[in-house]
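Participant: This is the content of input_36.pdb (PDB, N, CA and C atoms):
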```
ATOM      1  N   MET A   1       0.846  -1.169   0.000
ATOM      2  CA  MET A   1       0.000   0.000   0.000
ATOM      3  C   MET A   1       0.897   1.238   0.000
ATOM      4  N   ALA A   2       0.706   2.092  -0.961
ATOM      5  CA  ALA A   2       1.520   3.299  -1.085
ATOM      6  C   ALA A   2       0.942   4.404  -0.197
ATOM      7  N   ALA A   3       1.823   5.166   0.409
ATOM      8  CA  ALA A   3       1.392   6.270   1.258
ATOM      9  C   ALA A   3       1.013   7.460   0.385
ATOM     10  N   LEU A   4       0.046   8.217   0.838
ATOM     11  CA  LEU A   4      -0.381   9.415   0.113
ATOM     12  C   LEU A   4       0.625  10.536   0.314
ATOM     13  N   PRO A   5       0.860  11.345  -0.719
ATOM     14  CA  PRO A   5       1.680  12.533  -0.503
ATOM     15  C   PRO A   5       0.940  13.506   0.422
ATOM     16  N   VAL A   6       1.664  14.090   1.344
ATOM     17  CA  VAL A   6       1.078  15.024   2.298
ATOM     18  C   VAL A   6       1.680  16.400   2.059
ATOM     19  N   TYR A   7       0.810  17.394   1.925
ATOM     20  CA  TYR A   7       1.243  18.779   1.714
ATOM     21  C   TYR A   7       0.758  19.633   2.869
ATOM     22  N   ARG A   8       1.511  20.677   3.150
ATOM     23  CA  ARG A   8       1.075  21.627   4.176
ATOM     24  C   ARG A   8      -0.033  22.490   3.615
ATOM     25  N   TRP A   9      -0.806  23.060   4.512
ATOM     26  CA  TRP A   9      -1.952  23.885   4.143
ATOM     27  C   TRP A   9      -1.550  24.992   3.180
ATOM     28  N   ARG A  10      -2.284  25.152   2.098
ATOM     29  CA  ARG A  10      -2.091  26.154   1.049
ATOM     30  C   ARG A  10      -0.840  25.934   0.199
ATOM     31  N   LEU A  11      -0.193  24.787   0.323
ATOM     32  CA  LEU A  11       1.019  24.535  -0.445
ATOM     33  C   LEU A  11       0.891  23.332  -1.383
ATOM     34  N   ALA A  12      -0.330  22.972  -1.733
ATOM     35  CA  ALA A  12      -0.520  21.857  -2.661
ATOM     36  C   ALA A  12      -0.184  22.314  -4.077
ATOM     37  N   PRO A  13       0.379  21.431  -4.885
ATOM     38  CA  PRO A  13       0.697  21.810  -6.268
ATOM     39  C   PRO A  13      -0.571  21.951  -7.112
ATOM     40  N   ASP A  14      -0.436  22.605  -8.247
ATOM     41  CA  ASP A  14      -1.558  22.751  -9.165
ATOM     42  C   ASP A  14      -1.986  21.382  -9.673
ATOM     43  N   GLY A  15      -3.243  21.275 -10.021
ATOM     44  CA  GLY A  15      -3.757  20.014 -10.543
ATOM     45  C   GLY A  15      -4.486  19.179  -9.516
ATOM     46  N   TYR A  16      -4.494  19.616  -8.260
ATOM     47  CA  TYR A  16      -5.222  18.934  -7.193
ATOM     48  C   TYR A  16      -6.308  19.859  -6.655
ATOM     49  N   ALA A  17      -7.412  19.263  -6.176
ATOM     50  CA  ALA A  17      -8.502  20.060  -5.615
ATOM     51  C   ALA A  17      -9.272  19.214  -4.610
ATOM     52  N   THR A  18      -9.893  19.883  -3.640
ATOM     53  CA  THR A  18     -10.766  19.216  -2.688
ATOM     54  C   THR A  18     -12.122  18.993  -3.348
ATOM     55  N   ARG A  19     -13.004  18.268  -2.691
ATOM     56  CA  ARG A  19     -14.346  18.039  -3.226
ATOM     57  C   ARG A  19     -15.075  19.357  -3.461
ATOM     58  N   ARG A  20     -14.979  20.266  -2.517
ATOM     59  CA  ARG A  20     -15.665  21.550  -2.668
ATOM     60  C   ARG A  20     -15.098  22.360  -3.823
ATOM     61  N   GLN A  21     -13.799  22.311  -3.976
ATOM     62  CA  GLN A  21     -13.181  23.036  -5.087
ATOM     63  C   GLN A  21     -13.582  22.411  -6.418
ATOM     64  N   LEU A  22     -13.653  21.085  -6.469
ATOM     65  CA  LEU A  22     -14.116  20.421  -7.683
ATOM     66  C   LEU A  22     -15.548  20.828  -8.002
ATOM     67  N   ARG A  23     -16.385  20.863  -6.983
ATOM     68  CA  ARG A  23     -17.790  21.223  -7.189
ATOM     69  C   ARG A  23     -17.917  22.651  -7.720
ATOM     70  N   ALA A  24     -17.087  23.551  -7.212
ATOM     71  CA  ALA A  24     -17.110  24.933  -7.698
ATOM     72  C   ALA A  24     -16.694  25.011  -9.166
ATOM     73  N   LEU A  25     -15.910  24.043  -9.616
ATOM     74  CA  LEU A  25     -15.502  23.981 -11.016
ATOM     75  C   LEU A  25     -16.491  23.200 -11.877
ATOM     76  N   GLY A  26     -17.569  22.695 -11.251
ATOM     77  CA  GLY A  26     -18.547  21.905 -11.990
ATOM     78  C   GLY A  26     -18.106  20.479 -12.208
ATOM     79  N   LEU A  27     -17.256  19.972 -11.311
ATOM     80  CA  LEU A  27     -16.713  18.620 -11.435
ATOM     81  C   LEU A  27     -17.019  17.808 -10.190
ATOM     82  N   ARG A  28     -16.781  16.495 -10.296
ATOM     83  CA  ARG A  28     -16.912  15.570  -9.169
ATOM     84  C   ARG A  28     -15.745  14.586  -9.239
ATOM     85  N   PRO A  29     -15.384  13.937  -8.136
ATOM     86  CA  PRO A  29     -14.252  13.011  -8.184
ATOM     87  C   PRO A  29     -14.445  11.881  -9.192
ATOM     88  N   GLY A  30     -15.647  11.410  -9.367
ATOM     89  CA  GLY A  30     -15.918  10.413 -10.391
ATOM     90  C   GLY A  30     -15.319   9.050 -10.119
ATOM     91  N   GLY A  31     -15.250   8.633  -8.861
ATOM     92  CA  GLY A  31     -14.771   7.295  -8.537
ATOM     93  C   GLY A  31     -13.278   7.163  -8.346
ATOM     94  N   GLN A  32     -12.527   8.225  -8.568
ATOM     95  CA  GLN A  32     -11.083   8.122  -8.386
ATOM     96  C   GLN A  32     -10.729   8.080  -6.904
ATOM     97  N   ASP A  33      -9.614   7.474  -6.601
ATOM     98  CA  ASP A  33      -9.140   7.415  -5.224
ATOM     99  C   ASP A  33      -8.532   8.757  -4.822
ATOM    100  N   VAL A  34      -8.395   8.961  -3.524
ATOM    101  CA  VAL A  34      -7.751  10.166  -3.017
ATOM    102  C   VAL A  34      -6.305  10.173  -3.511
ATOM    103  N   ALA A  35      -5.872  11.302  -4.077
ATOM    104  CA  ALA A  35      -4.537  11.384  -4.665
ATOM    105  C   ALA A  35      -3.502  11.936  -3.683
ATOM    106  N   ALA A  36      -3.928  12.807  -2.774
ATOM    107  CA  ALA A  36      -3.009  13.421  -1.805
ATOM    108  C   ALA A  36      -3.839  13.983  -0.662
ATOM    109  N   GLN A  37      -3.161  14.521   0.329
ATOM    110  CA  GLN A  37      -3.893  15.160   1.416
ATOM    111  C   GLN A  37      -3.146  16.392   1.896
ATOM    112  N   LEU A  38      -3.944  17.324   2.408
ATOM    113  CA  LEU A  38      -3.412  18.542   3.020
ATOM    114  C   LEU A  38      -3.503  18.388   4.520
ATOM    115  N   GLU A  39      -2.556  18.949   5.229
ATOM    116  CA  GLU A  39      -2.637  18.968   6.688
ATOM    117  C   GLU A  39      -2.435  20.384   7.175
ATOM    118  N   ARG A  40      -3.353  20.811   8.012
ATOM    119  CA  ARG A  40      -3.266  22.134   8.628
ATOM    120  C   ARG A  40      -2.962  21.927  10.105
ATOM    121  N   PRO A  41      -1.779  22.343  10.544
ATOM    122  CA  PRO A  41      -1.435  22.119  11.954
ATOM    123  C   PRO A  41      -2.309  22.946  12.899
ATOM    124  N   ARG A  42      -2.558  22.358  14.082
ATOM    125  CA  ARG A  42      -3.301  23.052  15.131
ATOM    126  C   ARG A  42      -2.568  22.862  16.445
ATOM    127  N   ARG A  43      -2.724  23.798  17.327
ATOM    128  CA  ARG A  43      -2.056  23.700  18.625
ATOM    129  C   ARG A  43      -2.738  22.664  19.508
ATOM    130  N   ARG A  44      -1.951  21.789  20.074
ATOM    131  CA  ARG A  44      -2.387  20.781  21.048
ATOM    132  C   ARG A  44      -3.488  19.855  20.551
ATOM    133  N   ARG A  45      -3.679  19.756  19.239
ATOM    134  CA  ARG A  45      -4.683  18.841  18.686
ATOM    135  C   ARG A  45      -4.149  18.219  17.408
ATOM    136  N   GLU A  46      -4.863  17.231  16.939
ATOM    137  CA  GLU A  46      -4.521  16.598  15.672
ATOM    138  C   GLU A  46      -4.653  17.622  14.547
ATOM    139  N   PRO A  47      -3.850  17.520  13.500
ATOM    140  CA  PRO A  47      -3.991  18.470  12.395
ATOM    141  C   PRO A  47      -5.285  18.236  11.612
ATOM    142  N   LEU A  48      -5.814  19.308  11.025
ATOM    143  CA  LEU A  48      -6.962  19.177  10.135
ATOM    144  C   LEU A  48      -6.487  18.559   8.828
ATOM    145  N   VAL A  49      -7.266  17.658   8.285
ATOM    146  CA  VAL A  49      -6.881  16.952   7.062
ATOM    147  C   VAL A  49      -7.924  17.212   5.988
ATOM    148  N   ALA A  50      -7.467  17.520   4.779
ATOM    149  CA  ALA A  50      -8.341  17.665   3.619
ATOM    150  C   ALA A  50      -7.812  16.757   2.525
ATOM    151  N   TYR A  51      -8.683  15.994   1.914
ATOM    152  CA  TYR A  51      -8.273  15.074   0.862
ATOM    153  C   TYR A  51      -8.327  15.764  -0.489
ATOM    154  N   LEU A  52      -7.353  15.461  -1.318
ATOM    155  CA  LEU A  52      -7.236  16.085  -2.634
ATOM    156  C   LEU A  52      -7.448  15.046  -3.732
ATOM    157  N   TYR A  53      -8.078  15.499  -4.806
ATOM    158  CA  TYR A  53      -8.325  14.673  -5.980
ATOM    159  C   TYR A  53      -7.689  15.340  -7.187
ATOM    160  N   ARG A  54      -7.351  14.541  -8.194
ATOM    161  CA  ARG A  54      -6.741  15.091  -9.404
ATOM    162  C   ARG A  54      -7.819  15.705 -10.286
ATOM    163  N   ILE A  55      -7.576  16.920 -10.718
ATOM    164  CA  ILE A  55      -8.554  17.630 -11.537
ATOM    165  C   ILE A  55      -8.661  16.994 -12.919
ATOM    166  N   ASP A  56      -7.556  16.503 -13.468
ATOM    167  CA  ASP A  56      -7.589  15.946 -14.817
ATOM    168  C   ASP A  56      -8.359  14.626 -14.896
ATOM    169  N   GLN A  57      -8.559  13.944 -13.767
ATOM    170  CA  GLN A  57      -9.329  12.701 -13.744
ATOM    171  C   GLN A  57     -10.765  12.908 -13.277
ATOM    172  N   ALA A  58     -11.127  14.133 -12.904
ATOM    173  CA  ALA A  58     -12.479  14.415 -12.422
ATOM    174  C   ALA A  58     -13.466  14.401 -13.582
ATOM    175  N   LYS A  59     -14.705  14.096 -13.267
ATOM    176  CA  LYS A  59     -15.762  14.041 -14.269
ATOM    177  C   LYS A  59     -16.746  15.181 -14.041
ATOM    178  N   PRO A  60     -17.498  15.553 -15.071
ATOM    179  CA  PRO A  60     -18.479  16.621 -14.887
ATOM    180  C   PRO A  60     -19.594  16.196 -13.930
ATOM    181  N   VAL A  61     -20.182  17.164 -13.258
ATOM    182  CA  VAL A  61     -21.295  16.909 -12.350
ATOM    183  C   VAL A  61     -22.483  16.431 -13.171
ATOM    184  N   ARG A  62     -23.185  15.456 -12.627
ATOM    185  CA  ARG A  62     -24.366  14.951 -13.327
ATOM    186  C   ARG A  62     -25.458  16.022 -13.333
ATOM    187  N   PRO A  63     -26.176  16.170 -14.435
ATOM    188  CA  PRO A  63     -27.224  17.193 -14.483
ATOM    189  C   PRO A  63     -28.402  16.828 -13.576
ATOM    190  N   MET A  64     -29.091  17.841 -13.090
ATOM    191  CA  MET A  64     -30.262  17.640 -12.247
ATOM    192  C   MET A  64     -31.427  17.184 -13.112
ATOM    193  N   THR A  65     -31.998  16.037 -12.784
ATOM    194  CA  THR A  65     -33.145  15.531 -13.527
ATOM    195  C   THR A  65     -34.425  16.018 -12.860
ATOM    196  N   PRO A  66     -35.547  16.017 -13.569
ATOM    197  CA  PRO A  66     -36.807  16.439 -12.943
ATOM    198  C   PRO A  66     -37.172  15.597 -11.723
ATOM    199  N   GLY A  67     -36.888  14.307 -11.779
ATOM    200  CA  GLY A  67     -37.193  13.445 -10.633
ATOM    201  C   GLY A  67     -36.360  13.787  -9.413
ATOM    202  N   ARG A  68     -35.058  14.034  -9.619
ATOM    203  CA  ARG A  68     -34.188  14.415  -8.501
ATOM    204  C   ARG A  68     -34.592  15.773  -7.948
ATOM    205  N   ALA A  69     -34.961  16.706  -8.825
ATOM    206  CA  ALA A  69     -35.389  18.030  -8.364
ATOM    207  C   ALA A  69     -36.657  17.926  -7.530
ATOM    208  N   ALA A  70     -37.604  17.077  -7.955
ATOM    209  CA  ALA A  70     -38.844  16.892  -7.201
ATOM    210  C   ALA A  70     -38.571  16.254  -5.839
ATOM    211  N   ALA A  71     -37.677  15.256  -5.802
ATOM    212  CA  ALA A  71     -37.337  14.600  -4.537
ATOM    213  C   ALA A  71     -36.652  15.573  -3.590
ATOM    214  N   LEU A  72     -35.769  16.415  -4.113
ATOM    215  CA  LEU A  72     -35.090  17.399  -3.286
ATOM    216  C   LEU A  72     -36.074  18.427  -2.734
ATOM    217  N   ALA A  73     -37.009  18.877  -3.574
ATOM    218  CA  ALA A  73     -38.020  19.837  -3.119
ATOM    219  C   ALA A  73     -38.901  19.234  -2.024
ATOM    220  N   LYS A  74     -39.266  17.966  -2.177
ATOM    221  CA  LYS A  74     -40.092  17.298  -1.171
ATOM    222  C   LYS A  74     -39.340  17.152   0.151
ATOM    223  N   ALA A  75     -38.062  16.806   0.079
ATOM    224  CA  ALA A  75     -37.257  16.661   1.296
ATOM    225  C   ALA A  75     -37.093  18.002   2.009
ATOM    226  N   MET A  76     -36.869  19.064   1.251
ATOM    227  CA  MET A  76     -36.711  20.384   1.878
ATOM    228  C   MET A  76     -38.027  20.861   2.488
ATOM    229  N   THR A  77     -39.149  20.552   1.842
ATOM    230  CA  THR A  77     -40.454  20.908   2.417
ATOM    231  C   THR A  77     -40.657  20.186   3.742
ATOM    232  N   ALA A  78     -40.256  18.925   3.821
ATOM    233  CA  ALA A  78     -40.383  18.167   5.061
ATOM    234  C   ALA A  78     -39.510  18.759   6.164
ATOM    235  N   ARG A  79     -38.321  19.240   5.822
ATOM    236  CA  ARG A  79     -37.437  19.840   6.826
ATOM    237  C   ARG A  79     -37.949  21.183   7.308
ATOM    238  N   ARG A  80     -38.746  21.863   6.491
ATOM    239  CA  ARG A  80     -39.249  23.193   6.844
ATOM    240  C   ARG A  80     -40.604  23.154   7.538
ATOM    241  N   THR A  81     -41.311  22.023   7.517
ATOM    242  CA  THR A  81     -42.647  21.920   8.091
ATOM    243  C   THR A  81     -42.551  21.551   9.568
ATOM    244  N   CYS A  82     -43.169  22.357  10.411
ATOM    245  CA  CYS A  82     -43.167  22.114  11.856
ATOM    246  C   CYS A  82     -44.092  20.936  12.161
ATOM    247  N   PRO A  83     -43.649  19.929  12.936
ATOM    248  CA  PRO A  83     -44.516  18.795  13.254
ATOM    249  C   PRO A  83     -45.623  19.143  14.248
ATOM    250  N   VAL A  84     -45.505  20.267  14.952
ATOM    251  CA  VAL A  84     -46.508  20.645  15.947
ATOM    252  C   VAL A  84     -47.651  21.434  15.302
ATOM    253  N   CYS A  85     -47.315  22.524  14.612
ATOM    254  CA  CYS A  85     -48.354  23.392  14.038
ATOM    255  C   CYS A  85     -48.612  23.107  12.556
ATOM    256  N   ARG A  86     -47.800  22.251  11.939
ATOM    257  CA  ARG A  86     -47.952  21.847  10.546
ATOM    258  C   ARG A  86     -47.882  22.992   9.546
ATOM    259  N   ARG A  87     -47.148  24.057   9.884
ATOM    260  CA  ARG A  87     -46.965  25.180   8.963
ATOM    261  C   ARG A  87     -45.540  25.179   8.442
ATOM    262  N   ASP A  88     -45.381  25.773   7.252
ATOM    263  CA  ASP A  88     -44.050  25.957   6.679
ATOM    264  C   ASP A  88     -43.392  27.102   7.443
ATOM    265  N   ALA A  89     -42.309  26.801   8.143
ATOM    266  CA  ALA A  89     -41.661  27.799   8.989
ATOM    267  C   ALA A  89     -40.867  28.816   8.182
ATOM    268  N   GLY A  90     -40.535  28.513   6.938
ATOM    269  CA  GLY A  90     -39.732  29.421   6.131
ATOM    270  C   GLY A  90     -38.234  29.201   6.311
ATOM    271  N   TYR A  91     -37.870  28.233   7.144
ATOM    272  CA  TYR A  91     -36.472  27.882   7.397
ATOM    273  C   TYR A  91     -36.449  26.421   7.825
ATOM    274  N   CYS A  92     -35.301  25.806   7.798
ATOM    275  CA  CYS A  92     -35.191  24.415   8.245
ATOM    276  C   CYS A  92     -35.353  24.361   9.757
ATOM    277  N   ILE A  93     -36.224  23.481  10.210
ATOM    278  CA  ILE A  93     -36.500  23.333  11.642
ATOM    279  C   ILE A  93     -35.236  22.817  12.333
ATOM    280  N   PRO A  94     -34.777  23.481  13.409
ATOM    281  CA  PRO A  94     -33.598  22.989  14.129
ATOM    282  C   PRO A  94     -33.881  21.614  14.747
ATOM    283  N   ARG A  95     -32.980  20.682  14.532
ATOM    284  CA  ARG A  95     -33.164  19.343  15.088
ATOM    285  C   ARG A  95     -33.083  19.367  16.606
ATOM    286  N   SER A  96     -32.362  20.325  17.154
ATOM    287  CA  SER A  96     -32.244  20.405  18.615
ATOM    288  C   SER A  96     -33.579  20.783  19.255
ATOM    289  N   LEU A  97     -34.418  21.531  18.542
ATOM    290  CA  LEU A  97     -35.723  21.928  19.078
ATOM    291  C   LEU A  97     -36.806  20.925  18.700
ATOM    292  N   GLY A  98     -36.776  20.410  17.490
ATOM    293  CA  GLY A  98     -37.786  19.472  17.035
ATOM    294  C   GLY A  98     -39.084  20.127  16.623
ATOM    295  N   MET A  99     -39.135  21.442  16.634
ATOM    296  CA  MET A  99     -40.320  22.212  16.242
ATOM    297  C   MET A  99     -39.865  23.611  15.868
ATOM    298  N   CYS A 100     -40.755  24.386  15.284
ATOM    299  CA  CYS A 100     -40.380  25.746  14.909
ATOM    300  C   CYS A 100     -40.122  26.584  16.170
ATOM    301  N   VAL A 101     -39.445  27.673  16.015
ATOM    302  CA  VAL A 101     -39.077  28.506  17.160
ATOM    303  C   VAL A 101     -40.324  29.063  17.849
ATOM    304  N   THR A 102     -41.346  29.421  17.082
ATOM    305  CA  THR A 102     -42.591  29.946  17.662
ATOM    306  C   THR A 102     -43.235  28.911  18.568
ATOM    307  N   CYS A 103     -43.370  27.667  18.099
ATOM    308  CA  CYS A 103     -43.956  26.614  18.923
ATOM    309  C   CYS A 103     -43.082  26.319  20.146
ATOM    310  N   HIS A 104     -41.777  26.388  19.978
ATOM    311  CA  HIS A 104     -40.857  26.147  21.089
ATOM    312  C   HIS A 104     -41.017  27.227  22.157
ATOM    313  N   ASP A 105     -41.226  28.480  21.729
ATOM    314  CA  ASP A 105     -41.393  29.572  22.682
ATOM    315  C   ASP A 105     -42.739  29.493  23.382
ATOM    316  N   ILE A 106     -43.757  28.982  22.706
ATOM    317  CA  ILE A 106     -45.103  28.879  23.287
ATOM    318  C   ILE A 106     -45.225  27.681  24.207
ATOM    319  N   ALA A 107     -44.498  26.608  23.940
ATOM    320  CA  ALA A 107     -44.635  25.349  24.692
ATOM    321  C   ALA A 107     -44.464  25.517  26.209
ATOM    322  N   PRO A 108     -43.467  26.259  26.726
ATOM    323  CA  PRO A 108     -43.361  26.410  28.184
ATOM    324  C   PRO A 108     -44.550  27.161  28.783
ATOM    325  N   ALA A 109     -45.115  28.107  28.038
ATOM    326  CA  ALA A 109     -46.267  28.853  28.537
ATOM    327  C   ALA A 109     -47.498  27.961  28.651
ATOM    328  N   LEU A 110     -47.661  27.005  27.732
ATOM    329  CA  LEU A 110     -48.799  26.102  27.783
ATOM    330  C   LEU A 110     -48.660  25.081  28.889
ATOM    331  N   ALA A 111     -47.420  24.719  29.228
ATOM    332  CA  ALA A 111     -47.189  23.718  30.266
ATOM    333  C   ALA A 111     -47.439  24.279  31.658
ATOM    334  N   ALA A 112     -47.337  25.594  31.823
ATOM    335  CA  ALA A 112     -47.504  26.203  33.147
ATOM    336  C   ALA A 112     -48.940  26.388  33.537
TER     337      ALA A 112
END
```
Here is the file; what I need is its structure written in the form of structure tokens.
Facilitator:
Amino acid sequence: MAALPVYRWRLAPDGYATRRQLRALGLRPGGQDVAAQLERPRRRREPLVAYLYRIDQAKPVRPMTPGRAAALAKAMTARRTCPVCRRDAGYCIPRSLGMCVTCHDIAPALAA
């Protein structure tokens, strides 16, 4: 098993990109293995690691199909709908609350 080349933060050579950088270029890794990694040192902790992929082996992002767009819209609607009042909150419901902020603020008043 060959070891991955490791580069310091911001010192990777041209031709490599992270997943986010590939996405900004309209690309995806496309099944290729990780080609290298970046390490950002931190005090008294493990270094942050970012995996790099080769840009020349990346493939274009798959186009959004009507079915995928509909599924994504349905999932986002479910995340925005409050389970208590059944209204669209206009934002994704925080998982820590489990309900919209309005219902969360009203709940202690109803319990008293």
Participant: Please report, as JSON lines, each residue of range 45-98 of chain A lying at most 6 Å from range 14-20 of chain A, together with the nearest pair of atoms and the separation in Å rounded to one decimal; use only N, CA and C atoms, and order rows by chain and ascending residue number.
Facilitator:
```
{"residue": "A:Tyr51", "atom": "C", "partner": "A:Thr18", "partner_atom": "CA", "distance": 4.8}
{"residue": "A:Leu52", "atom": "CA", "partner": "A:Ala17", "partner_atom": "C", "distance": 4.2}
{"residue": "A:Tyr53", "atom": "N", "partner": "A:Ala17", "partner_atom": "C", "distance": 3.9}
{"residue": "A:Arg54", "atom": "CA", "partner": "A:Gly15", "partner_atom": "C", "distance": 4.7}
{"residue": "A:Ile55", "atom": "N", "partner": "A:Gly15", "partner_atom": "C", "distance": 4.0}
{"residue": "A:Asp56", "atom": "N", "partner": "A:Gly15", "partner_atom": "C", "distance": 5.7}
```
Participant: Quick one: apply the PyMOL selection byres (((chain A and resi 93 and name CA) around 12) and name CA) to the file and drop the selected residues here as a list in words.
Facilitator: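 Residues picked by the PyMOL selection byres (((chain A and resi 93 and name CA) around 12) and name CA): Met76, Thr77, Ala78, Arg79, Arg80, Thr81, Cys82, Pro83, Val84, Arg86, Arg87, Asp88, Ala89, Gly90, Tyr91, Cys92, Pro94, Arg95, Ser96, Leu97, Gly98, Met99, Cys100, Val101, Thr102, Cys103 and His104 of chain A.
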Participant: Those residues you just picked out, can you put them in a file as an mmCIF file, in the coordinates of the input with N, CA and C atoms?
Facilitator:
```cif
data_model
loop_
_atom_site.group_PDB
_atom_site.id
_atom_site.type_symbol
_atom_site.label_atom_id
_atom_site.label_comp_id
_atom_site.auth_asym_id
_atom_site.auth_seq_id
_atom_site.Cartn_x
_atom_site.Cartn_y
_atom_site.Cartn_z
ATOM 1 N N MET A 76 -36.869 19.064 1.251
ATOM 2 C CA MET A 76 -36.711 20.384 1.878
ATOM 3 C C MET A 76 -38.027 20.861 2.488
ATOM 4 N N THR A 77 -39.149 20.552 1.842
ATOM 5 C CA THR A 77 -40.454 20.908 2.417
ATOM 6 C C THR A 77 -40.657 20.186 3.742
ATOM 7 N N ALA A 78 -40.256 18.925 3.821
ATOM 8 C CA ALA A 78 -40.383 18.167 5.061
ATOM 9 C C ALA A 78 -39.510 18.759 6.164
ATOM 10 N N ARG A 79 -38.321 19.240 5.822
ATOM 11 C CA ARG A 79 -37.437 19.840 6.826
ATOM 12 C C ARG A 79 -37.949 21.183 7.308
ATOM 13 N N ARG A 80 -38.746 21.863 6.491
ATOM 14 C CA ARG A 80 -39.249 23.193 6.844
ATOM 15 C C ARG A 80 -40.604 23.154 7.538
ATOM 16 N N THR A 81 -41.311 22.023 7.517
ATOM 17 C CA THR A 81 -42.647 21.920 8.091
ATOM 18 C C THR A 81 -42.551 21.551 9.568
ATOM 19 N N CYS A 82 -43.169 22.357 10.411
ATOM 20 C CA CYS A 82 -43.167 22.114 11.856
ATOM 21 C C CYS A 82 -44.092 20.936 12.161
ATOM 22 N N PRO A 83 -43.649 19.929 12.936
ATOM 23 C CA PRO A 83 -44.516 18.795 13.254
ATOM 24 C C PRO A 83 -45.623 19.143 14.248
ATOM 25 N N VAL A 84 -45.505 20.267 14.952
ATOM 26 C CA VAL A 84 -46.508 20.645 15.947
ATOM 27 C C VAL A 84 -47.651 21.434 15.302
ATOM 28 N N ARG A 86 -47.800 22.251 11.939
ATOM 29 C CA ARG A 86 -47.952 21.847 10.546
ATOM 30 C C ARG A 86 -47.882 22.992 9.546
ATOM 31 N N ARG A 87 -47.148 24.057 9.884
ATOM 32 C CA ARG A 87 -46.965 25.180 8.963
ATOM 33 C C ARG A 87 -45.540 25.179 8.442
ATOM 34 N N ASP A 88 -45.381 25.773 7.252
ATOM 35 C CA ASP A 88 -44.050 25.957 6.679
ATOM 36 C C ASP A 88 -43.392 27.102 7.443
ATOM 37 N N ALA A 89 -42.309 26.801 8.143
ATOM 38 C CA ALA A 89 -41.661 27.799 8.989
ATOM 39 C C ALA A 89 -40.867 28.816 8.182
ATOM 40 N N GLY A 90 -40.535 28.513 6.938
ATOM 41 C CA GLY A 90 -39.732 29.421 6.131
ATOM 42 C C GLY A 90 -38.234 29.201 6.311
ATOM 43 N N TYR A 91 -37.870 28.233 7.144
ATOM 44 C CA TYR A 91 -36.472 27.882 7.397
ATOM 45 C C TYR A 91 -36.449 26.421 7.825
ATOM 46 N N CYS A 92 -35.301 25.806 7.798
ATOM 47 C CA CYS A 92 -35.191 24.415 8.245
ATOM 48 C C CYS A 92 -35.353 24.361 9.757
ATOM 49 N N PRO A 94 -34.777 23.481 13.409
ATOM 50 C CA PRO A 94 -33.598 22.989 14.129
ATOM 51 C C PRO A 94 -33.881 21.614 14.747
ATOM 52 N N ARG A 95 -32.980 20.682 14.532
ATOM 53 C CA ARG A 95 -33.164 19.343 15.088
ATOM 54 C C ARG A 95 -33.083 19.367 16.606
ATOM 55 N N SER A 96 -32.362 20.325 17.154
ATOM 56 C CA SER A 96 -32.244 20.405 18.615
ATOM 57 C C SER A 96 -33.579 20.783 19.255
ATOM 58 N N LEU A 97 -34.418 21.531 18.542
ATOM 59 C CA LEU A 97 -35.723 21.928 19.078
ATOM 60 C C LEU A 97 -36.806 20.925 18.700
ATOM 61 N N GLY A 98 -36.776 20.410 17.490
ATOM 62 C CA GLY A 98 -37.786 19.472 17.035
ATOM 63 C C GLY A 98 -39.084 20.127 16.623
ATOM 64 N N MET A 99 -39.135 21.442 16.634
ATOM 65 C CA MET A 99 -40.320 22.212 16.242
ATOM 66 C C MET A 99 -39.865 23.611 15.868
ATOM 67 N N CYS A 100 -40.755 24.386 15.284
ATOM 68 C CA CYS A 100 -40.380 25.746 14.909
ATOM 69 C C CYS A 100 -40.122 26.584 16.170
ATOM 70 N N VAL A 101 -39.445 27.673 16.015
ATOM 71 C CA VAL A 101 -39.077 28.506 17.160
ATOM 72 C C VAL A 101 -40.324 29.063 17.849
ATOM 73 N N THR A 102 -41.346 29.421 17.082
ATOM 74 C CA THR A 102 -42.591 29.946 17.662
ATOM 75 C C THR A 102 -43.235 28.911 18.568
ATOM 76 N N CYS A 103 -43.370 27.667 18.099
ATOM 77 C CA CYS A 103 -43.956 26.614 18.923
ATOM 78 C C CYS A 103 -43.082 26.319 20.146
ATOM 79 N N HIS A 104 -41.777 26.388 19.978
ATOM 80 C CA HIS A 104 -40.857 26.147 21.089
ATOM 81 C C HIS A 104 -41.017 27.227 22.157
#
```
Participant: At what distance in Å, to one decimal, does atom N of Gln32 in chain A lie from atom C of Pro5 in chain A?
Facilitator: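 Atom-to-atom, atom C of Pro5 in chain A and atom N of Gln32 in chain A are spaced 17.0 Å apart.
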Participant: Go through A:Gln57, A:Lys74, A:Trp9, A:Arg62 one by one, measure the shortest atom-to-atom distance of each to Pro41 in chain A using only N, CA and C atoms, and give the residue with the smallest value.
Facilitator: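 Residue with the minimum atom-to-atom distance to Pro41 in chain A: A:Trp9.
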Participant: When you draw a straight line from CA of Val34 in chain A to CA of Lys59 in chain A, how long is it in Å?
Facilitator: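 Answer for the CA of Val34 in chain A to CA of Lys59 in chain A separation: 14.3 Å.
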Participant: Output as JSON the centre and edge lengths (Å, one decimal) of the box along x, y and z of the file that holds every listed atom of range 93-107 of chain A after adding 8 Å on each side.
Facilitator:
```
{"center_x": -38.7, "center_y": 24.6, "center_z": 18.2, "size_x": 29.0, "size_y": 26.6, "size_z": 32.0}
```
Participant: Report, in Å with one decimal, the straight-line distance from CA of Pro66 in chain A to CA of Gly31 in chain A.
Facilitator: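 Computing the Euclidean distance for CA of Pro66 in chain A and CA of Gly31 in chain A yields 24.3 Å.
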Participant: Please list as a list of chain:residue names every residue within 7 Å of Arg28 in chain A, counting only C-alpha atoms and excluding residues in the same chain fewer than 2 positions away.
Facilitator: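 Counting only the stated atoms, we get A:Arg19, A:Leu22, A:Arg23, A:Gly30, A:Ala58, A:Lys59, A:Pro60, A:Val61.
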Participant: According to DSSP computed on the backbone, where in chain A is there alpha helix (DSSP H)? Give the residues as an MDAnalysis selection string.
Facilitator: chainID A and resid 19:24 66:80 101:111
Participant: Contacts of Tyr7 in chain A at 5 Å or less, counting all atoms listed in the file, minus same-chain residues fewer than 3 places along, as a PyMOL selection string?
Facilitator: chain A and resi 37-39
Participant: What residues in chain A get the DSSP label strand (DSSP E or B)? Please answer as a list in words.
Facilitator: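 Those in chain A that DSSP calls strand (DSSP E or B) are Val6, Tyr7, Arg8, Tyr16, Ala17, Leu27, Arg28, Ala36, Gln37, Leu38, Glu39, Arg40, Leu48, Val49, Ala50, Tyr51, Leu52, Tyr53, Arg54, Lys59, Pro60, Thr81 and Asp88 of chain A.
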